[in-house]
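**Student:** My structure is stored as input_2.tsv, with TSV, C-alpha atoms.
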```tsv
chain	number	residue	atom	x	y	z
A	2	MET	CA	142.29	129.43	69.36
A	3	ASN	CA	143.49	132.97	69.97
A	4	VAL	CA	143.19	134.33	73.47
A	5	LYS	CA	142.59	138.03	73.77
A	6	TYR	CA	144.45	140.18	76.24
A	7	LEU	CA	147.81	138.37	76.01
A	8	PHE	CA	151.05	140.16	75.22
A	9	PRO	CA	153.23	139.10	72.26
A	10	THR	CA	155.66	136.24	72.97
A	11	ARG	CA	158.82	138.35	73.04
A	12	PHE	CA	157.51	140.38	75.99
A	13	LYS	CA	157.99	137.40	78.28
A	14	MET	CA	161.78	137.70	78.15
A	15	TRP	CA	161.53	141.42	78.95
A	16	GLY	CA	159.23	140.51	81.82
A	17	TRP	CA	161.90	138.29	83.39
A	18	ILE	CA	164.58	140.94	82.80
A	19	ILE	CA	162.47	143.48	84.66
A	20	LEU	CA	161.01	141.17	87.30
A	21	ILE	CA	164.05	139.35	88.69
A	22	PRO	CA	166.28	142.30	89.56
A	23	SER	CA	163.42	144.47	90.76
A	24	ALA	CA	162.03	141.67	92.96
A	25	ILE	CA	165.42	141.01	94.55
A	26	LEU	CA	166.28	144.68	95.04
A	27	GLY	CA	162.70	145.56	95.99
A	28	PHE	CA	162.59	143.10	98.85
A	29	ALA	CA	166.12	143.97	99.94
A	30	ASP	CA	164.93	147.58	100.02
A	31	LEU	CA	161.89	146.59	102.05
A	32	PHE	CA	163.98	144.98	104.77
A	33	ALA	CA	166.96	147.35	104.70
A	34	GLU	CA	164.70	150.42	104.41
A	35	TRP	CA	167.02	152.27	102.05
A	36	GLN	CA	165.81	155.80	101.46
A	37	PRO	CA	168.52	157.49	99.36
A	38	ALA	CA	167.99	161.26	99.23
A	39	PHE	CA	168.12	161.09	95.42
A	40	PHE	CA	164.64	159.54	95.51
A	41	ASP	CA	163.10	162.17	97.81
A	42	TRP	CA	160.61	163.71	95.44
A	43	THR	CA	157.56	165.91	95.71
A	44	VAL	CA	154.84	163.98	93.95
A	45	PRO	CA	151.15	164.47	93.16
A	46	ALA	CA	148.81	162.50	95.42
A	47	LEU	CA	145.10	161.76	95.07
A	48	TYR	CA	144.98	160.91	98.74
A	49	ASN	CA	147.58	160.96	101.48
A	50	ASN	CA	146.89	160.13	105.09
A	51	GLU	CA	149.99	160.66	107.19
A	52	ILE	CA	150.37	158.80	110.46
A	53	LEU	CA	149.85	161.44	113.17
A	54	GLY	CA	149.67	164.06	110.42
A	55	GLU	CA	147.27	165.70	108.09
A	56	THR	CA	145.19	164.20	105.34
A	57	THR	CA	145.61	165.55	101.82
A	58	TYR	CA	143.33	165.13	98.81
A	59	PHE	CA	144.59	166.06	95.36
A	60	GLY	CA	147.72	167.67	96.72
A	61	MET	CA	151.47	167.37	96.56
A	62	VAL	CA	153.35	165.22	99.07
A	63	ASP	CA	157.01	164.64	99.89
A	64	ASN	CA	157.91	161.01	99.51
A	65	ASN	CA	160.85	158.71	98.94
A	66	VAL	CA	159.78	157.04	95.70
A	67	LEU	CA	162.24	154.12	95.63
A	68	ASN	CA	159.73	151.58	96.94
A	69	GLU	CA	157.08	152.87	94.50
A	70	ILE	CA	159.52	152.34	91.63
A	71	PHE	CA	160.28	148.79	92.73
A	72	GLY	CA	156.57	148.04	93.20
A	73	ILE	CA	155.74	149.28	89.71
A	74	LEU	CA	158.59	147.31	88.13
A	75	ILE	CA	157.61	144.10	89.95
A	76	ILE	CA	153.99	144.45	88.78
A	77	VAL	CA	154.93	145.28	85.18
A	78	GLY	CA	157.55	142.51	85.02
A	79	GLY	CA	155.24	139.99	86.69
A	80	VAL	CA	152.32	140.77	84.38
A	81	LEU	CA	154.53	140.43	81.30
A	82	VAL	CA	155.94	137.09	82.50
A	83	ALA	CA	152.49	135.79	83.41
A	84	PHE	CA	150.51	137.02	80.41
A	85	SER	CA	152.77	136.89	77.38
A	86	ARG	CA	151.64	134.41	74.78
A	87	LEU	CA	153.79	131.27	74.70
A	88	LYS	CA	155.51	130.32	71.47
A	89	ASN	CA	153.32	127.22	71.23
A	90	GLU	CA	150.22	128.70	72.88
A	91	ASP	CA	147.20	126.69	71.67
A	92	GLU	CA	143.74	125.87	73.01
A	93	PHE	CA	144.99	123.24	75.46
A	94	ILE	CA	147.66	125.54	76.88
A	95	THR	CA	145.04	128.26	77.15
A	96	LYS	CA	142.93	125.90	79.22
A	97	ILE	CA	145.88	125.25	81.52
A	98	ARG	CA	146.49	128.98	81.71
A	99	LEU	CA	142.92	129.59	82.84
A	100	GLU	CA	142.95	126.71	85.33
A	101	SER	CA	146.21	127.99	86.77
A	102	LEU	CA	144.70	131.45	87.14
A	103	VAL	CA	141.72	130.04	89.06
A	104	TRP	CA	144.08	127.97	91.22
A	105	ALA	CA	146.33	130.96	91.93
A	106	THR	CA	143.35	133.11	92.91
A	107	TYR	CA	142.10	130.46	95.34
A	108	VAL	CA	145.52	129.92	96.90
A	109	ASN	CA	146.10	133.64	97.16
A	110	TYR	CA	142.86	134.19	99.05
A	111	ILE	CA	143.26	131.10	101.21
A	112	VAL	CA	146.62	132.48	102.34
A	113	LEU	CA	145.01	135.88	102.94
A	114	LEU	CA	142.12	134.32	104.87
A	115	LEU	CA	144.53	132.44	107.13
A	116	ALA	CA	146.49	135.65	107.62
A	117	PHE	CA	143.25	137.50	108.56
A	118	ILE	CA	142.67	134.96	111.28
A	119	PHE	CA	146.17	134.34	112.56
A	120	VAL	CA	148.30	137.42	111.84
A	121	TYR	CA	147.84	140.81	113.50
A	122	ASP	CA	149.13	144.38	113.58
A	123	MET	CA	152.44	145.03	111.82
A	124	GLY	CA	152.59	141.37	110.88
A	125	PHE	CA	149.40	141.79	108.88
A	126	LEU	CA	150.84	144.83	107.15
A	127	TRP	CA	153.72	142.64	105.93
A	128	VAL	CA	151.22	140.04	104.72
A	129	MET	CA	149.37	142.74	102.76
A	130	ILE	CA	152.59	143.96	101.20
A	131	PHE	CA	153.42	140.45	99.99
A	132	ASN	CA	149.83	139.73	99.01
A	133	MET	CA	149.96	142.49	96.41
A	134	PHE	CA	152.30	140.32	94.38
A	135	THR	CA	151.53	136.73	95.39
A	136	ILE	CA	148.65	136.16	92.97
A	137	LEU	CA	151.05	136.74	90.07
A	138	LEU	CA	153.74	134.65	91.76
A	139	PHE	CA	151.37	131.73	92.44
A	140	PHE	CA	150.06	131.88	88.86
A	141	ILE	CA	153.55	131.92	87.31
A	142	ILE	CA	154.70	128.98	89.47
A	143	ARG	CA	151.61	126.86	88.90
A	144	PHE	CA	151.32	127.54	85.14
A	145	ASN	CA	154.98	126.75	84.46
A	146	TRP	CA	154.94	123.71	86.70
A	147	GLN	CA	151.93	122.31	84.79
A	148	LEU	CA	153.60	123.00	81.44
A	149	GLN	CA	156.76	121.30	82.63
A	150	LYS	CA	154.74	118.27	83.71
A	151	LEU	CA	153.13	118.06	80.27
A	152	LYS	CA	156.45	118.37	78.51
A	153	LEU	CA	157.85	115.49	80.55
A	154	ASN	CA	154.75	113.36	79.86
A	155	ALA	CA	154.96	114.05	76.14
A	156	ARG	CA	158.64	113.14	76.11
A	157	HIS	CA	157.91	109.77	77.75
A	158	GLU	CA	155.31	109.01	75.10
A	159	GLU	CA	157.40	109.17	71.98
B	24	MET	CA	135.09	111.00	74.80
B	25	LYS	CA	137.15	108.35	73.02
B	26	ASN	CA	139.34	109.00	70.02
B	27	ASN	CA	141.40	107.08	67.46
B	28	ILE	CA	144.10	109.68	66.99
B	29	LYS	CA	146.84	107.27	67.95
B	30	VAL	CA	145.50	104.59	65.59
B	31	GLU	CA	145.12	107.00	62.69
B	32	ARG	CA	148.58	108.35	63.41
B	33	ALA	CA	150.02	104.84	63.29
B	34	LYS	CA	148.19	104.13	59.99
B	35	LYS	CA	149.74	107.22	58.43
B	36	ASN	CA	153.01	106.57	60.23
B	37	ILE	CA	153.43	110.10	61.51
B	38	THR	CA	154.86	111.21	64.84
B	39	GLN	CA	153.08	113.27	67.46
B	40	ALA	CA	155.41	116.12	66.59
B	41	ALA	CA	154.57	115.97	62.88
B	42	LEU	CA	150.85	115.79	63.60
B	43	ALA	CA	151.16	118.70	66.02
B	44	LYS	CA	152.85	120.75	63.33
B	45	SER	CA	150.20	120.12	60.69
B	46	ALA	CA	147.35	120.65	63.17
B	47	LYS	CA	149.06	123.86	64.39
B	48	VAL	CA	149.03	122.87	68.06
B	49	SER	CA	151.73	121.88	70.54
B	50	ARG	CA	152.94	118.32	70.89
B	51	GLN	CA	151.67	118.31	74.49
B	52	THR	CA	148.18	118.88	73.12
B	53	ILE	CA	148.36	115.86	70.78
B	54	ASN	CA	149.73	113.76	73.62
B	55	ALA	CA	147.03	114.91	76.06
B	56	MET	CA	144.28	114.11	73.50
B	57	GLU	CA	145.68	110.63	72.86
B	58	LEU	CA	145.71	110.00	76.60
B	59	GLY	CA	142.10	111.17	76.83
B	60	LYS	CA	143.10	114.06	79.07
B	61	TYR	CA	141.95	116.77	76.74
B	62	VAL	CA	138.84	117.13	74.60
B	63	PRO	CA	139.64	119.38	71.63
B	64	SER	CA	137.55	122.26	70.32
B	65	THR	CA	135.32	121.63	67.33
B	66	VAL	CA	137.78	123.48	65.11
B	67	LEU	CA	140.70	121.29	66.18
B	68	ALA	CA	138.60	118.12	65.84
B	69	LEU	CA	137.70	119.14	62.28
B	70	ARG	CA	141.30	119.97	61.51
B	71	LEU	CA	142.49	116.56	62.74
B	72	ALA	CA	139.79	114.74	60.77
B	73	SER	CA	140.80	116.68	57.68
B	74	ILE	CA	144.49	115.81	58.16
B	75	PHE	CA	143.65	112.10	58.48
B	76	ASP	CA	141.08	112.39	55.70
B	77	VAL	CA	138.31	110.84	57.81
B	78	GLU	CA	134.99	112.07	59.24
B	79	VAL	CA	135.04	113.65	62.73
B	80	GLY	CA	132.73	110.85	63.87
B	81	ASP	CA	135.31	108.27	62.83
B	82	LEU	CA	137.98	109.98	64.85
B	83	PHE	CA	135.97	110.86	67.99
B	84	GLN	CA	133.21	108.89	69.70
B	85	LEU	CA	130.94	109.69	72.61
B	86	GLU	CA	131.08	107.50	75.69
B	87	GLU	CA	128.36	106.75	78.23
B	88	SER	CA	129.95	109.16	80.68
B	89	ASP	CA	129.55	112.02	78.20
B	90	TRP	CA	125.81	111.92	78.83
B	91	GLU	CA	126.07	112.25	82.59
```
Let me see the file written as structure tokens.

**Tutor:**
Amino acid sequence: MNVKYLFPTRFKMWGWIILIPSAILGFADLFAEWQPAFFDWTVPALYNNEILGETTYFGMVDNNVLNEIFGILIIVGGVLVAFSRLKNEDEFITKIRLESLVWATYVNYIVLLLAFIFVYDMGFLWVMIFNMFTILLFFIIRFNWQLQKLKLNARHEE
Amino acid sequence: MKNNIKVERAKKNITQAALAKSAKVSRQTINAMELGKYVPSTVLALRLASIFDVEVGDLFQLEESDWE
């Protein structure tokens, strides 16, 4: 059975190559708040609402784009890792893929629900930042863990 | 749903890996079907029956619980 919307197998490796360094550097950047002047760009914005400043629609804004770059790379890398066809992708693995996606969505929103109730102010902002990426992270972990379990089971059998 | 994949495989003396290769699925899939953990699509059921040279009904049987 062929699933639509999956990337070719070889994209998975590129996904890891993009994801791992950009995730490590991206989160280091988040905590260290690096803002090298090289990344101070004037960029087009559909909407920009500055804290204690003006609101711009369809204008140009000054911004340090380093965190945007990391965010984009994490999403692109994560999507490629999560949704590249496996070498042995068949109907059973597709079923596990879909189940893992449902599971990841539930877990993601359970975590967000708990954060709604128990985390406030700047803390909640941090939760939202992480929540942008956790659905992919939860899916990748769960899907690969299930596949690993199956591989072990199959090895015991023969 | 019950199946005789393991029995048919033993009759033909082929491994899970070899069956997986001719049915164009992963070995995990063959294993999961033999353990009753996965019910295959109609296409895969027909493919397996064709490989073993039996009817689908000889390879797969309904159980009571399939009517619930």

**Student:** So, counting only C-alpha atoms, which residue among B:Ile37, B:Lys60, B:Arg70, B:Gln51 is closest to chain A?

**Tutor:**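 Comparing B:Ile37, B:Lys60, B:Arg70, B:Gln51 against chain A, the winner is B:Gln51.
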
**Student:** Kindly indicate which residue among A:Ile97, A:Leu74, A:Leu151, A:Val120 lies nearest to Phe134 in chain A, using all atoms listed in the file for the distances.

**Tutor:**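 For Phe134 in chain A, the nearest of the given residues is A:Leu74.
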
**Student:** Go through B:Val48, B:Ala68, B:Leu82, B:Met56 and flag the residue nearest chain A, using all atoms listed in the file for the distances.

**Tutor:**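 So, comparing all the options, the nearest one is B:Val48.
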
**Student:** Counting all atoms listed in the file, which residue out of A:Asp30, A:Ile141, A:Asn89, A:Met123 sits closest to Thr106 in chain A?

**Tutor:**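 Going through A:Asp30, A:Ile141, A:Asn89, A:Met123 one by one, the smallest distance to Thr106 in chain A is for A:Ile141.
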
**Student:** Quick check, in Å to one decimal: how far apart do CA of Glu86 in chain B and CA of Met24 in chain B lie?

**Tutor:**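 Separation between CA of Glu86 in chain B and CA of Met24 in chain B: 5.4 Å.
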
**Student:** Record the distance separating CA of Arg32 in chain B and CA of Ser45 in chain B, expressed in Å with one decimal.

**Tutor:**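 These atoms are spaced 12.2 Å apart.
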
**Student:** Using only C-alpha atoms, select each residue of chain B with any atom at most 8 Å away from an atom of chain A, and give the selection as a PDB file with C-alpha atoms, in the frame of the given file.

**Tutor:**
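Result file follows (result_19.pdb):
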```
ATOM      1  CA  THR B  38     154.860 111.210  64.840  1.00  0.00           C
ATOM      2  CA  GLN B  39     153.080 113.270  67.460  1.00  0.00           C
ATOM      3  CA  VAL B  48     149.030 122.870  68.060  1.00  0.00           C
ATOM      4  CA  SER B  49     151.730 121.880  70.540  1.00  0.00           C
ATOM      5  CA  ARG B  50     152.940 118.320  70.890  1.00  0.00           C
ATOM      6  CA  GLN B  51     151.670 118.310  74.490  1.00  0.00           C
ATOM      7  CA  THR B  52     148.180 118.880  73.120  1.00  0.00           C
ATOM      8  CA  ASN B  54     149.730 113.760  73.620  1.00  0.00           C
ATOM      9  CA  ALA B  55     147.030 114.910  76.060  1.00  0.00           C
ATOM     10  CA  TYR B  61     141.950 116.770  76.740  1.00  0.00           C
ATOM     11  CA  PRO B  63     139.640 119.380  71.630  1.00  0.00           C
ATOM     12  CA  SER B  64     137.550 122.260  70.320  1.00  0.00           C
TER      13      SER B  64
END
```

**Student:** Mind pulling up the distance from CA of Gly72 in chain A to CA of Ser23 in chain A?

**Tutor:**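 So the answer is 8.1 Å.
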
**Student:** Can you work out which one of B:Val62, B:Val30, B:Ser73, B:Glu57 has the shortest atom-to-atom distance to Asp89 in chain B, counting all atoms listed in the file?

**Tutor:**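 Result for the nearest residue to Asp89 in chain B: B:Val62.
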
**Student:** Considering all atoms listed in the file, can you say which of B:Ile28, B:Ala43, B:Val79, B:Ile74 comes closest to Leu58 in chain B?

**Tutor:**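 Answer, going by the shortest atom-to-atom distance: B:Ile28.
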
**Student:** For Glu87 in chain B, find every residue with an atom within 12 Å (counting only C-alpha atoms), except residues of its own chain fewer than 3 positions away, and show them as a VMD selection string.

**Tutor:** chain B and resid 24 to 25 84 90 to 91
